[in-house]
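A.B. asks: Please see the structure below; I have some questions.
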Amino acid sequence: MSTTPTTQTGFDPLAGVAAVVFPGAGHLVRREPRRAVLVAVGILGLFFGGIFVGGIDVIDSREDRVWFFGQAIVGPLAFGVDYLHQHRFKVVDPNGRALRTALPNEARNPVDGSPLAIRVDQNGVPTATYVDGGKTVTIAPARPPNIKSLSKVNELGTLMATLAGMLNLIMIIDAMFPTLRRENA
Amino acid sequence: MHAELLTLALRPFIDPLPLQRHWWLLIVPVCLLVSIAYKAVRVTEFKNYWKQVLAMTAQLIIAIVGVCIAAFLLVQFIIPRIMPIA
């Protein structure tokens with residue numbers, strides 16, 4: 001198979017940094033907008049596709065640390081989603097103050113992140129109550145902040161998001177060293 | 001879990017999709033998205049880009065299905081012949 005080196009040469013650290021910051025941005029810096037859009041579609045499609053399939057639970061730097069190493073290569077976006085998951089969806093366990101996913105019968109207290117027991121009222125509506133500044137607030141309908149994905153759905157969602165990271169590594173290298181590109185390889 | 005909670009709507013990107021029976025269909029979008037990103041940096045010009053993307057997607061799917069068939073044959077037929085269960 002014949003290979004054709006591109007006419008671009010050299011090392012482009014700025015494009016490499018841009019590619020790390022956001023998928024496709026490296027190629028945009030190199031003034032290759034079409035390539036940048038396709039890279040972004042592929043990487044972000046896999047990353048958000050994984051979250052769509054497995055829920056936000058698939059991005060978890062605490063419970064799935066090894067997988068997160070791969071997902072982190074997507075860039076600050078992965079860290080942002082993980083931060084959101086840890087601090088807006090997980091509850092603070094009263095025993096030990098560790099963060100954990102809410103149980104199916106727990107809601108999240110928006111004030112301090114503690115778990116709230118869900119009870120069903122006389123109308124059949126699941127409710128949870130918490131105190132905010134001396135005032136009792138009732139959440140109705142109450143539900144867990146997110147549902148933990150299990151089995152194949154969790155595995156595939158995690159895999160998709162991790163694939164996005166691993167693939168972005170190729171994109172970062174390509175943006176940084178464009179002379180490595182070959183046709184029909 | 002309370003039965004009432006089961007009737008609440010799915011929240012996309014927060015809750016997992018109910019794909020317990022059809023999870024294997026995800027092979028198509030995964031292979032397609034991998035091909036879109038990979039071919040974006042492998043081609044020097046975009047003349048036959050989508051053709052190459054579709055070809056790579058098909059190659060990936062055929063390869064994965066082939067590995068599945070090989071693993072099935074190994075576990076179901078070859079290993080029981082080598083090490084029969086008493």
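Residue numbering restarts at 1 in every chain; chains get A, B, ... in the order shown in the structure tokens, and ligands count up from 1 in that same order.
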I need the chain A residues near chain B as JSON, numbers by chain; criterion: at most 8 Å, counting only C-alpha atoms.

C.D. replies: {"A": [6, 35, 38, 39, 40, 41, 42, 43, 45, 46, 48, 51, 52, 53, 54, 55, 56, 57, 104, 105, 120, 124, 125, 126, 143, 146, 147, 148, 149, 151, 152, 153, 154, 156, 160, 167, 171, 174, 181, 182, 183, 184, 185]}

A.B. asks: If DSSP is run on the backbone, what residues of chain B are helix (DSSP H, G or I)? A reply as number ranges by chain would be ideal.

C.D. replies: B: 3-6, 23-42, 49-82

A.B. asks: Can you spit out the residues from that selection as an mmCIF file, in the first residue's frame, using C-alpha atoms?

C.D. replies:
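Final output, saved to part-v7.cif:
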```
data_model
loop_
_atom_site.group_PDB
_atom_site.id
_atom_site.type_symbol
_atom_site.label_atom_id
_atom_site.label_comp_id
_atom_site.auth_asym_id
_atom_site.auth_seq_id
_atom_site.Cartn_x
_atom_site.Cartn_y
_atom_site.Cartn_z
ATOM 1 C CA ALA B 3 -43.183 1.104 42.668
ATOM 2 C CA GLU B 4 -44.074 4.769 42.210
ATOM 3 C CA LEU B 5 -40.458 5.611 41.391
ATOM 4 C CA LEU B 6 -40.444 3.156 38.503
ATOM 5 C CA TRP B 23 -27.162 -3.642 24.125
ATOM 6 C CA TRP B 24 -25.410 -5.432 21.235
ATOM 7 C CA LEU B 25 -26.933 -2.958 18.750
ATOM 8 C CA LEU B 26 -24.546 -0.339 20.148
ATOM 9 C CA ILE B 27 -21.765 -1.941 18.091
ATOM 10 C CA VAL B 28 -22.980 0.068 15.075
ATOM 11 C CA PRO B 29 -22.770 3.622 16.512
ATOM 12 C CA VAL B 30 -19.554 2.815 18.374
ATOM 13 C CA CYS B 31 -17.810 1.532 15.237
ATOM 14 C CA LEU B 32 -19.189 4.417 13.159
ATOM 15 C CA LEU B 33 -18.004 7.104 15.606
ATOM 16 C CA VAL B 34 -14.568 5.498 15.968
ATOM 17 C CA SER B 35 -14.281 5.420 12.171
ATOM 18 C CA ILE B 36 -15.387 9.057 11.789
ATOM 19 C CA ALA B 37 -12.701 10.276 14.207
ATOM 20 C CA TYR B 38 -9.953 7.933 13.063
ATOM 21 C CA LYS B 39 -10.401 8.520 9.340
ATOM 22 C CA ALA B 40 -10.574 12.284 9.937
ATOM 23 C CA VAL B 41 -6.879 12.247 10.769
ATOM 24 C CA ARG B 42 -5.791 9.453 8.433
ATOM 25 C CA TYR B 49 -13.879 10.236 3.246
ATOM 26 C CA TRP B 50 -17.387 8.874 3.894
ATOM 27 C CA LYS B 51 -16.753 5.858 1.698
ATOM 28 C CA GLN B 52 -13.678 5.071 3.781
ATOM 29 C CA VAL B 53 -15.609 5.643 7.011
ATOM 30 C CA LEU B 54 -18.316 3.179 5.958
ATOM 31 C CA ALA B 55 -15.702 0.644 4.838
ATOM 32 C CA MET B 56 -13.882 0.875 8.179
ATOM 33 C CA THR B 57 -17.165 0.618 10.087
ATOM 34 C CA ALA B 58 -18.043 -2.552 8.173
ATOM 35 C CA GLN B 59 -14.559 -3.980 8.752
ATOM 36 C CA LEU B 60 -14.797 -3.340 12.498
ATOM 37 C CA ILE B 61 -18.245 -4.910 12.786
ATOM 38 C CA ILE B 62 -17.229 -7.970 10.747
ATOM 39 C CA ALA B 63 -14.043 -8.377 12.810
ATOM 40 C CA ILE B 64 -15.892 -8.130 16.135
ATOM 41 C CA VAL B 65 -18.593 -10.572 15.009
ATOM 42 C CA GLY B 66 -15.820 -12.907 13.800
ATOM 43 C CA VAL B 67 -14.090 -12.774 17.175
ATOM 44 C CA CYS B 68 -17.453 -13.488 18.859
ATOM 45 C CA ILE B 69 -18.009 -16.547 16.678
ATOM 46 C CA ALA B 70 -14.446 -17.765 17.318
ATOM 47 C CA ALA B 71 -14.853 -17.338 21.075
ATOM 48 C CA PHE B 72 -18.195 -19.157 20.975
ATOM 49 C CA LEU B 73 -16.706 -22.104 19.070
ATOM 50 C CA LEU B 74 -13.702 -22.225 21.397
ATOM 51 C CA VAL B 75 -15.766 -22.268 24.577
ATOM 52 C CA GLN B 76 -18.631 -24.463 23.356
ATOM 53 C CA PHE B 77 -16.841 -27.040 21.185
ATOM 54 C CA ILE B 78 -13.031 -26.964 21.234
ATOM 55 C CA ILE B 79 -12.324 -26.689 24.964
ATOM 56 C CA PRO B 80 -14.884 -29.416 25.887
ATOM 57 C CA ARG B 81 -13.090 -31.757 23.440
ATOM 58 C CA ILE B 82 -9.661 -30.986 24.896
#
```

A.B. asks: From the DSSP assignment of the backbone, select every residue of chain A that is strand (DSSP E or B), and format the answer as a ChimeraX atom specification.

C.D. replies: /A:91-92,99-100,106-108,115-117,119-120,126-132,135-139

A.B. asks: Can those selected residues be exported to a file as a short mmCIF file (atom, residue, chain, number, x, y, z; two decimals), in the first residue's frame so that it contains N, CA and C atoms?

C.D. replies:
```cif
data_model
loop_
_atom_site.label_atom_id
_atom_site.label_comp_id
_atom_site.auth_asym_id
_atom_site.auth_seq_id
_atom_site.Cartn_x
_atom_site.Cartn_y
_atom_site.Cartn_z
N VAL A 91 -24.41 11.43 47.04
CA VAL A 91 -24.80 11.90 48.36
C VAL A 91 -23.62 11.68 49.33
N VAL A 92 -23.63 12.47 50.40
CA VAL A 92 -22.59 12.35 51.42
C VAL A 92 -23.11 11.36 52.46
N LEU A 99 -18.47 10.07 49.74
CA LEU A 99 -19.45 10.27 48.68
C LEU A 99 -19.86 8.91 48.11
N ARG A 100 -21.14 8.73 47.87
CA ARG A 100 -21.61 7.49 47.25
C ARG A 100 -22.87 7.78 46.44
N GLU A 106 -33.55 6.82 48.01
CA GLU A 106 -32.99 8.03 48.62
C GLU A 106 -32.99 9.18 47.61
N ALA A 107 -33.32 10.37 48.09
CA ALA A 107 -33.15 11.59 47.31
C ALA A 107 -31.92 12.32 47.86
N ARG A 108 -31.56 13.43 47.25
CA ARG A 108 -30.37 14.17 47.70
C ARG A 108 -30.79 15.50 48.30
N PRO A 115 -28.18 12.13 52.18
CA PRO A 115 -29.29 11.36 51.61
C PRO A 115 -30.60 11.61 52.38
N LEU A 116 -31.69 11.66 51.64
CA LEU A 116 -33.01 11.85 52.26
C LEU A 116 -33.85 10.61 51.95
N ALA A 117 -34.50 10.05 52.95
CA ALA A 117 -35.35 8.88 52.73
C ALA A 117 -36.59 9.30 51.95
N ARG A 119 -40.36 8.77 51.00
CA ARG A 119 -41.58 8.14 51.52
C ARG A 119 -42.73 8.44 50.56
N VAL A 120 -43.68 7.53 50.52
CA VAL A 120 -44.83 7.73 49.64
C VAL A 120 -45.98 8.31 50.46
N PRO A 126 -44.15 9.90 45.74
CA PRO A 126 -42.93 9.79 46.55
C PRO A 126 -42.42 11.17 46.96
N THR A 127 -42.19 11.37 48.23
CA THR A 127 -41.75 12.68 48.72
C THR A 127 -40.54 12.53 49.64
N ALA A 128 -39.82 13.62 49.77
CA ALA A 128 -38.70 13.68 50.71
C ALA A 128 -38.67 15.09 51.29
N THR A 129 -38.34 15.22 52.54
CA THR A 129 -38.31 16.54 53.17
C THR A 129 -36.93 16.84 53.74
N TYR A 130 -36.58 18.13 53.71
CA TYR A 130 -35.33 18.58 54.32
C TYR A 130 -35.55 19.97 54.90
N VAL A 131 -34.62 20.38 55.74
CA VAL A 131 -34.74 21.68 56.39
C VAL A 131 -33.72 22.64 55.77
N ASP A 132 -34.21 23.81 55.34
CA ASP A 132 -33.34 24.81 54.74
C ASP A 132 -33.56 26.13 55.47
N LYS A 135 -36.67 26.31 57.62
CA LYS A 135 -37.91 26.07 56.90
C LYS A 135 -37.92 24.66 56.33
N THR A 136 -39.02 23.94 56.52
CA THR A 136 -39.11 22.58 56.01
C THR A 136 -39.56 22.61 54.55
N VAL A 137 -38.77 21.98 53.70
CA VAL A 137 -39.06 21.94 52.26
C VAL A 137 -39.37 20.50 51.87
N THR A 138 -40.42 20.33 51.10
CA THR A 138 -40.79 18.99 50.64
C THR A 138 -40.54 18.88 49.14
N ILE A 139 -39.85 17.81 48.74
CA ILE A 139 -39.62 17.53 47.31
C ILE A 139 -40.68 16.52 46.88
#
```

A.B. asks: Work out how far apart atom CA of Gly165 of chain A and atom CA of Glu32 of chain A are and give it in Å to one decimal.

C.D. replies: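 Rounded to one decimal, the two atoms are 21.0 Å apart.
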
A.B. asks: Would you pick out the contacts of Ala25 of chain A at 9 Å or less, using only C-alpha atoms, so that residues sharing its chain but fewer than 3 positions from it are not included, and give the list as a list in words?

C.D. replies: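 The residues satisfying every condition are Ala15, Gly16, Val17, Ala18, Ala19, Val20, Val21, Phe22, Leu28, Val29, Arg30, Pro33, Ala36, Val37, Val39, Ala40 and Ala175 of chain A.
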
A.B. asks: Just how far from atom CA of Asn123 of chain A is atom CA of Ala140 of chain A, in Å to one decimal?

C.D. replies: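 According to the coordinates, atom CA of Ala140 of chain A and atom CA of Asn123 of chain A are separated by 11.0 Å.
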
A.B. asks: Between atom CA of Pro13 of chain A and atom CA of Pro178 of chain A, what is the spacing in Å?

C.D. replies: 10.9 Å
